[in-house]
Amino acid sequence: MVKITIDGKELEVDPKLTIMQAAAQNGIHIPHFCWHPQLSVSGNCRMCLVEVEKMPKLVISCATQVAEGMVIKTDSEKVVKARNAVMEFLLINHPLDCPICDEAGECKLQDYAYKYSIGASRFQEDKIHKPKRLELGPHVLLDVERCIMCSRCIRFTEEIAHQSVLTFTERSTHVVLTTFPGTQLDNPYSMNVVDICPVGALTSRDFRFKARVWEMSSTESICVGCARGCNINIWVRNNEILRLTPRENKDVNSSWMCDEGRVNSFKIVAHERRLNGPLIRKDGIKVEVGWDEAISKVVMELHTYRKYEIAGISSAYATNEDNYIFARFIKDVIGSKNIGFLSHIQTGSEDDLLIRADKTPNSLGALSVGAAGEKGTAGIDHILKGISKGAIKVLYVLEDDIAADPKIAEALKNLEMLIVHSSIRNETTAKADIVLSASTFAEKHGTITNFNGRVQQIRPAVEIIEQERSLDGMAMSRWDKFAAQNDSWGKGIKRDARSSWRIIAAIASAMGGKMKYASEEDVFKEMSERISEFKSLSYPKIGNQGAVLNEIKK
Ligand code: SF4
Ligand code: SF4
Ligand code: FES
């Protein structure tokens, strides 16, 4: 360790650090454009200039290593003057686009212009005009006039995405960011350049002009597109999700996420096939019913059959809490040993950065809470065999479209009763006799366990119709439903859906089983008391960066 002083604060820091890193680690912000913690240092913007005693000139803090006894000033008169000059220089040709720019409200140039510039320009001449609205690839557009040539996007594509397609051409104020001839910015991680661009030069085709940033709320959660579990923020306006952005977690996704997860993983929430309340098959036709009627029907049907005639299939899409309650319900309340789990690993569709072949968020979680049956019977073959022999007559499926596989769909024809939890209409709900509308990852609180055993929290970003009213025994009238749905406008209506564990707990209670939990945290507490992998874990311990399962830690 070496002793340094920054702005009068004495610090002991690792000698391998730069001044920028040492300052950041100790909560001192040095303004910067081109430096990014996950990329190589380019040192081209000069915004991070600081004064170091005994050095003749100001130095760039992003590329200057600390040394014993260094005395650094980040806010001296000389530094402030130099910063003002850098800001004035950068703004000479920058267009006055803030009122129409997607980045406004989260733009470094805008923020720093308020904080570090003198608020006036001496430049009287015409600004240089450059191309606008250029398509760099399928997901990203470029406004060259707004580019401050920090080269973050170039370094990201070379160093992280390993696709060298971006470069600068021309010189001086005429510099232009472009793609190499015959190439385009088209890789599985291309949209990360939009996040790291410090200005509004790079915009996302999916989110462009949908909302100003201050109109949206943002909620810390986890992407459910694959077993990586990238940490994300969910951005919502009027109860509608407009975008996902990556949230830093060094142990999971660094600062990145893939384009597929970013653009598609949340589309299920406002999907055109989204279910809005439970359905029961009556005279061959599925009709919408209230929760009380649906739950009574499930209870009545389950009472009709013997315990070994009933089987359950857990879900790699549902949370740990949902799977745990489901497993307890099938094993303890119904008393059946018939429980199985369907894996969704897609061969060949993973890479070395983030993307996993398992396209579900919680396979490991479902297995570790005991929702996959006895060891060695984790698949569903034993259940399908039971159905084809006529030994299993009722199947209860938790949040998984198992009938999307034609072979499984064929086997389900032998069933007398199919009960399904789902968020959208799919092949399995089409075959079901009772459908219970489940809330999506963006509407509930809970935990999921990623492929290497990190338990992480998902949080509700979108409201659903208030849960407790009907589960406490009060049926929700049609008018209540209408009023709740129309609480917000646009696509962001509130859906009539429930967390799966709540639905199951209500059914279990009606069957005389003891399942009284006030919240998902209550369920998790019981899991931590009963399952060794979860011992000593809690929601506060998991926090916003996750915590690793005990077995994996060993
Ligand atoms: S487009 Fe953005 S990230 Fe790329 S060089 Fe320009 S300012 Fe930097
Ligand atoms: S790698 Fe997986 S978890 Fe991460 S953003 Fe992509 S789909 Fe989502
Ligand atoms: S952040 Fe140091 S030169 Fe750009």
# chains A, B, ... in the order shown; residues from 1 in each chain; ligands from 1
>>> residues_around(residues="Glu463 in chain A", least_positions_apart="5", cutoff="7 Å", atoms="only C-alpha atoms", output="number ranges by chain")
A: 239, 443, 494
>>> write_last_selection(atoms="N, CA and C atoms", output="PDB file, in the first residue's frame")
ATOM      1  N   ASN A 239     -47.078   2.341 -15.723  1.00  0.00           N
ATOM      2  CA  ASN A 239     -47.221   0.890 -15.548  1.00  0.00           C
ATOM      3  C   ASN A 239     -46.813   0.081 -16.777  1.00  0.00           C
ATOM      4  N   GLU A 443     -43.598  -8.295 -11.873  1.00  0.00           N
ATOM      5  CA  GLU A 443     -44.745  -7.912 -11.052  1.00  0.00           C
ATOM      6  C   GLU A 443     -44.686  -8.480  -9.639  1.00  0.00           C
ATOM      7  N   LYS A 494     -53.225  -2.645 -15.455  1.00  0.00           N
ATOM      8  CA  LYS A 494     -52.872  -3.585 -14.396  1.00  0.00           C
ATOM      9  C   LYS A 494     -53.522  -4.931 -14.711  1.00  0.00           C
TER      10      LYS A 494
END
>>> residues_near_ligand(ligand="ligand 3", cutoff="7 Å", atoms="only C-alpha atoms and all ligand atoms", output="PyMOL selection string")
chain A and resi 32-35+42-49+60-63
>>> residues_near_ligand(ligand="ligand 1", cutoff="6 Å", atoms="only C-alpha atoms and all ligand atoms", output="JSON list (two decimals) with all heavy atoms, in the first residue's frame")
[["chain", "number", "residue", "atom", "x", "y", "z"],
["A", 147, "CYS", "N", -21.40, 13.15, -31.10],
["A", 147, "CYS", "CA", -20.27, 12.33, -30.63],
["A", 147, "CYS", "C", -19.13, 13.23, -30.12],
["A", 147, "CYS", "O", -18.77, 14.20, -30.77],
["A", 147, "CYS", "CB", -19.80, 11.47, -31.80],
["A", 147, "CYS", "SG", -18.29, 10.55, -31.46],
["A", 148, "ILE", "N", -18.60, 12.90, -28.94],
["A", 148, "ILE", "CA", -17.47, 13.68, -28.42],
["A", 148, "ILE", "C", -16.16, 12.90, -28.56],
["A", 148, "ILE", "O", -15.17, 13.20, -27.90],
["A", 148, "ILE", "CB", -17.70, 14.11, -26.95],
["A", 148, "ILE", "CG1", -17.91, 12.88, -26.06],
["A", 148, "ILE", "CG2", -18.84, 15.10, -26.83],
["A", 148, "ILE", "CD1", -17.83, 13.18, -24.58],
["A", 149, "MET", "N", -16.18, 11.86, -29.38],
["A", 149, "MET", "CA", -14.98, 11.07, -29.73],
["A", 149, "MET", "C", -14.25, 10.49, -28.53],
["A", 149, "MET", "O", -13.02, 10.50, -28.46],
["A", 149, "MET", "CB", -13.98, 11.90, -30.56],
["A", 149, "MET", "CG", -14.49, 12.32, -31.88],
["A", 149, "MET", "SD", -14.88, 14.08, -31.74],
["A", 149, "MET", "CE", -15.99, 14.31, -33.08],
["A", 150, "CYS", "N", -15.00, 9.99, -27.59],
["A", 150, "CYS", "CA", -14.37, 9.43, -26.39],
["A", 150, "CYS", "C", -13.80, 8.04, -26.67],
["A", 150, "CYS", "O", -12.99, 7.53, -25.91],
["A", 150, "CYS", "CB", -15.38, 9.36, -25.26],
["A", 150, "CYS", "SG", -16.64, 8.10, -25.49],
["A", 151, "SER", "N", -14.29, 7.39, -27.72],
["A", 151, "SER", "CA", -13.87, 6.05, -28.16],
["A", 151, "SER", "C", -14.32, 4.90, -27.25],
["A", 151, "SER", "O", -13.88, 3.77, -27.41],
["A", 151, "SER", "CB", -12.35, 5.97, -28.40],
["A", 151, "SER", "OG", -11.65, 5.76, -27.19],
["A", 152, "ARG", "N", -15.20, 5.18, -26.30],
["A", 152, "ARG", "CA", -15.70, 4.09, -25.45],
["A", 152, "ARG", "C", -16.35, 2.98, -26.29],
["A", 152, "ARG", "O", -16.14, 1.80, -26.06],
["A", 152, "ARG", "CB", -16.76, 4.61, -24.47],
["A", 152, "ARG", "CG", -16.21, 5.26, -23.23],
["A", 152, "ARG", "CD", -17.38, 5.69, -22.38],
["A", 152, "ARG", "NE", -16.98, 6.12, -21.05],
["A", 152, "ARG", "CZ", -17.82, 6.30, -20.05],
["A", 152, "ARG", "NH1", -19.11, 6.09, -20.22],
["A", 152, "ARG", "NH2", -17.40, 6.70, -18.87],
["A", 153, "CYS", "N", -17.17, 3.39, -27.29],
["A", 153, "CYS", "CA", -17.90, 2.40, -28.10],
["A", 153, "CYS", "C", -16.91, 1.54, -28.91],
["A", 153, "CYS", "O", -17.10, 0.33, -29.04],
["A", 153, "CYS", "CB", -18.92, 3.07, -29.01],
["A", 153, "CYS", "SG", -18.21, 4.34, -30.07],
["A", 197, "CYS", "N", -22.11, 5.20, -23.96],
["A", 197, "CYS", "CA", -21.88, 6.46, -24.67],
["A", 197, "CYS", "C", -22.23, 7.59, -23.68],
["A", 197, "CYS", "O", -23.35, 7.66, -23.19],
["A", 197, "CYS", "CB", -22.75, 6.55, -25.92],
["A", 197, "CYS", "SG", -22.55, 8.10, -26.80],
["A", 198, "PRO", "N", -21.29, 8.47, -23.39],
["A", 198, "PRO", "CA", -21.57, 9.49, -22.35],
["A", 198, "PRO", "C", -22.51, 10.59, -22.82],
["A", 198, "PRO", "O", -22.94, 11.42, -22.02],
["A", 198, "PRO", "CB", -20.18, 10.06, -22.04],
["A", 198, "PRO", "CG", -19.35, 9.78, -23.24],
["A", 198, "PRO", "CD", -19.90, 8.56, -23.89],
["A", 199, "VAL", "N", -22.82, 10.58, -24.13],
["A", 199, "VAL", "CA", -23.74, 11.59, -24.69],
["A", 199, "VAL", "C", -24.85, 10.86, -25.46],
["A", 199, "VAL", "O", -24.93, 9.64, -25.41],
["A", 199, "VAL", "CB", -22.97, 12.57, -25.63],
["A", 199, "VAL", "CG1", -22.01, 13.41, -24.84],
["A", 199, "VAL", "CG2", -22.23, 11.80, -26.72],
["A", 201, "ALA", "N", -25.13, 10.33, -28.63],
["A", 201, "ALA", "CA", -24.74, 10.01, -30.01],
["A", 201, "ALA", "C", -25.26, 8.65, -30.44],
["A", 201, "ALA", "O", -25.62, 8.44, -31.60],
["A", 201, "ALA", "CB", -23.22, 10.06, -30.14],
["A", 202, "LEU", "N", -25.29, 7.70, -29.50],
["A", 202, "LEU", "CA", -25.76, 6.35, -29.82],
["A", 202, "LEU", "C", -27.10, 6.12, -29.13],
["A", 202, "LEU", "O", -27.22, 6.31, -27.91],
["A", 202, "LEU", "CB", -24.74, 5.30, -29.36],
["A", 202, "LEU", "CG", -23.35, 5.43, -30.01],
["A", 202, "LEU", "CD1", -22.36, 4.47, -29.38],
["A", 202, "LEU", "CD2", -23.43, 5.18, -31.52]]
>>> residues_near_ligand(ligand="ligand 2", cutoff="12 Å", atoms="only C-alpha atoms and all ligand atoms", output="JSON, numbers by chain")
{"A": [188, 189, 190, 191, 192, 221, 222, 223, 224, 225, 226, 227, 228, 229, 230, 231, 232, 233, 244, 245, 246, 247, 248, 249, 252, 253, 254, 255, 256, 257, 258, 259, 260, 261, 262, 263, 264, 265, 266, 349, 350, 351, 352, 353, 354, 355, 356, 357, 358, 359, 360, 361, 362, 448, 449, 450, 451, 456]}
>>> residues_around(residues="Glu68 in chain A", least_positions_apart="2", cutoff="12 Å", atoms="only C-alpha atoms", output="CSV table (one decimal) with all heavy atoms, in the first residue's frame")
chain,number,residue,atom,x,y,z
A,1,MET,N,0.8,-1.2,0.0
A,1,MET,CA,0.0,0.0,0.0
A,1,MET,C,0.9,1.3,0.0
A,1,MET,O,2.0,1.2,0.5
A,1,MET,CB,-0.9,0.0,1.3
A,1,MET,CG,-1.9,-1.2,1.4
A,1,MET,SD,-3.0,-1.3,0.0
A,1,MET,CE,-4.5,-0.5,0.8
A,2,VAL,N,0.4,2.3,-0.6
A,2,VAL,CA,1.1,3.6,-0.6
A,2,VAL,C,0.2,4.7,0.1
A,2,VAL,O,-1.0,4.6,0.0
A,2,VAL,CB,1.5,4.1,-2.0
A,2,VAL,CG1,2.6,3.2,-2.5
A,2,VAL,CG2,0.3,4.1,-2.9
A,3,LYS,N,0.8,5.7,0.6
A,3,LYS,CA,0.1,6.8,1.3
A,3,LYS,C,0.0,7.9,0.3
A,3,LYS,O,1.0,8.4,-0.3
A,3,LYS,CB,0.8,7.2,2.5
A,3,LYS,CG,0.5,6.3,3.7
A,3,LYS,CD,1.0,6.9,5.0
A,3,LYS,CE,0.7,5.9,6.1
A,3,LYS,NZ,1.7,5.9,7.2
A,4,ILE,N,-1.2,8.4,0.0
A,4,ILE,CA,-1.4,9.5,-0.9
A,4,ILE,C,-2.4,10.5,-0.2
A,4,ILE,O,-3.1,10.1,0.7
A,4,ILE,CB,-1.9,9.1,-2.3
A,4,ILE,CG1,-3.3,8.5,-2.2
A,4,ILE,CG2,-1.0,8.3,-3.0
A,4,ILE,CD1,-4.0,8.3,-3.5
A,5,THR,N,-2.5,11.7,-0.7
A,5,THR,CA,-3.5,12.7,-0.2
A,5,THR,C,-4.3,13.2,-1.4
A,5,THR,O,-3.7,13.6,-2.4
A,5,THR,CB,-2.7,13.9,0.5
A,5,THR,OG1,-1.8,13.3,1.4
A,5,THR,CG2,-3.7,14.8,1.1
A,10,GLU,N,-6.1,12.0,3.6
A,10,GLU,CA,-5.0,11.1,3.6
A,10,GLU,C,-5.5,9.7,3.4
A,10,GLU,O,-6.5,9.2,4.1
A,10,GLU,CB,-4.2,11.1,4.9
A,10,GLU,CG,-3.3,12.3,4.9
A,10,GLU,CD,-2.4,12.4,6.2
A,10,GLU,OE1,-2.3,11.4,6.9
A,10,GLU,OE2,-1.9,13.5,6.5
A,11,LEU,N,-5.0,9.0,2.4
A,11,LEU,CA,-5.5,7.6,2.0
A,11,LEU,C,-4.4,6.6,1.9
A,11,LEU,O,-3.3,7.0,1.5
A,11,LEU,CB,-6.2,7.7,0.7
A,11,LEU,CG,-7.4,8.7,0.5
A,11,LEU,CD1,-7.8,8.9,-0.9
A,11,LEU,CD2,-8.6,8.3,1.4
A,12,GLU,N,-4.7,5.4,2.2
A,12,GLU,CA,-3.7,4.3,1.9
A,12,GLU,C,-4.3,3.5,0.8
A,12,GLU,O,-5.4,2.9,0.9
A,12,GLU,CB,-3.6,3.4,3.2
A,12,GLU,CG,-2.4,3.9,4.0
A,12,GLU,CD,-2.0,2.8,5.0
A,12,GLU,OE1,-2.0,1.6,4.7
A,12,GLU,OE2,-1.6,3.2,6.1
A,13,VAL,N,-3.6,3.4,-0.3
A,13,VAL,CA,-4.2,2.7,-1.5
A,13,VAL,C,-3.2,1.7,-2.1
A,13,VAL,O,-2.0,1.8,-1.9
A,13,VAL,CB,-4.7,3.7,-2.5
A,13,VAL,CG1,-5.8,4.7,-2.0
A,13,VAL,CG2,-3.6,4.5,-3.1
A,14,ASP,N,-3.8,0.8,-2.9
A,14,ASP,CA,-3.0,-0.1,-3.7
A,14,ASP,C,-2.1,0.6,-4.7
A,14,ASP,O,-2.6,1.4,-5.5
A,14,ASP,CB,-4.0,-1.1,-4.4
A,14,ASP,CG,-3.3,-2.2,-5.2
A,14,ASP,OD1,-2.2,-2.0,-5.5
A,14,ASP,OD2,-4.0,-3.2,-5.4
A,15,PRO,N,-0.8,0.4,-4.7
A,15,PRO,CA,0.0,1.1,-5.7
A,15,PRO,C,-0.2,0.8,-7.1
A,15,PRO,O,0.2,1.6,-8.0
A,15,PRO,CB,1.5,0.6,-5.3
A,15,PRO,CG,1.3,-0.6,-4.5
A,15,PRO,CD,-0.1,-0.6,-3.9
A,16,LYS,N,-1.0,-0.2,-7.4
A,16,LYS,CA,-1.3,-0.5,-8.8
A,16,LYS,C,-2.4,0.4,-9.4
A,16,LYS,O,-2.7,0.4,-10.6
A,16,LYS,CB,-1.8,-2.0,-9.0
A,16,LYS,CG,-0.7,-3.0,-8.8
A,16,LYS,CD,-1.1,-4.4,-9.3
A,16,LYS,CE,-0.4,-5.5,-8.5
A,16,LYS,NZ,-1.2,-5.8,-7.3
A,17,LEU,N,-3.1,1.1,-8.5
A,17,LEU,CA,-4.2,1.9,-9.0
A,17,LEU,C,-3.8,3.2,-9.6
A,17,LEU,O,-2.7,3.7,-9.4
A,17,LEU,CB,-5.1,2.3,-7.8
A,17,LEU,CG,-5.8,1.2,-7.0
A,17,LEU,CD1,-6.7,1.7,-5.9
A,17,LEU,CD2,-6.6,0.3,-7.9
A,19,ILE,N,-4.9,7.3,-10.2
A,19,ILE,CA,-5.4,8.3,-9.3
A,19,ILE,C,-7.0,8.2,-9.4
A,19,ILE,O,-7.7,8.3,-8.4
A,19,ILE,CB,-5.0,9.7,-9.7
A,19,ILE,CG1,-3.4,9.8,-9.5
A,19,ILE,CG2,-5.7,10.8,-8.9
A,19,ILE,CD1,-2.8,11.1,-10.0
A,65,GLN,N,-0.6,6.6,-12.5
A,65,GLN,CA,-0.6,5.7,-11.4
A,65,GLN,C,-0.2,6.4,-10.1
A,65,GLN,O,0.6,7.4,-10.1
A,65,GLN,CB,0.5,4.6,-11.6
A,65,GLN,CG,0.1,3.3,-11.0
A,65,GLN,CD,1.0,2.2,-11.6
A,65,GLN,OE1,1.4,2.2,-12.7
A,65,GLN,NE2,1.3,1.2,-10.8
A,66,VAL,N,-0.8,6.0,-9.0
A,66,VAL,CA,-0.5,6.6,-7.7
A,66,VAL,C,1.0,6.3,-7.3
A,66,VAL,O,1.5,5.2,-7.7
A,66,VAL,CB,-1.5,6.2,-6.6
A,66,VAL,CG1,-2.8,6.7,-6.8
A,66,VAL,CG2,-1.4,4.6,-6.4
A,70,MET,N,2.2,11.1,-2.9
A,70,MET,CA,1.6,11.9,-3.9
A,70,MET,C,0.5,12.9,-3.2
A,70,MET,O,-0.3,12.4,-2.4
A,70,MET,CB,0.8,11.1,-4.9
A,70,MET,CG,1.3,11.3,-6.3
A,70,MET,SD,0.3,10.3,-7.4
A,70,MET,CE,1.3,10.3,-8.9
A,71,VAL,N,0.6,14.1,-3.6
A,71,VAL,CA,-0.5,15.0,-3.0
A,71,VAL,C,-1.2,15.6,-4.3
A,71,VAL,O,-0.7,16.2,-5.1
A,71,VAL,CB,0.2,16.2,-2.3
A,71,VAL,CG1,-0.9,17.2,-1.8
A,71,VAL,CG2,1.0,15.7,-1.1
A,72,ILE,N,-2.5,15.2,-4.3
A,72,ILE,CA,-3.3,15.4,-5.5
A,72,ILE,C,-4.5,16.4,-5.2
A,72,ILE,O,-5.1,16.3,-4.1
A,72,ILE,CB,-4.0,14.1,-6.0
A,72,ILE,CG1,-2.8,13.1,-6.3
A,72,ILE,CG2,-4.9,14.3,-7.2
A,72,ILE,CD1,-3.2,11.7,-6.0
>>> select_by_dssp(residues="range 206-339 of chain A", states="strand (DSSP E)", output="count of residues only")
33
>>> residues_around(residues="Val397 in chain A", least_positions_apart="5", cutoff="9 Å", atoms="only C-alpha atoms", output="CSV table (one decimal) with C-alpha atoms, in the first residue's frame")
chain,number,residue,atom,x,y,z
A,311,ALA,CA,-48.5,-35.3,-10.3
A,312,GLY,CA,-46.8,-31.9,-10.4
A,313,ILE,CA,-44.3,-30.3,-12.7
A,314,SER,CA,-42.2,-27.5,-11.2
A,315,SER,CA,-40.7,-24.7,-13.1
A,402,ILE,CA,-44.6,-28.1,-21.5
A,418,LEU,CA,-54.8,-30.4,-16.3
A,419,ILE,CA,-54.3,-27.5,-13.9
A,420,VAL,CA,-51.8,-24.8,-15.1
A,421,HIS,CA,-50.2,-21.6,-13.8
A,422,SER,CA,-49.2,-19.3,-16.6
A,428,THR,CA,-50.3,-25.9,-22.3
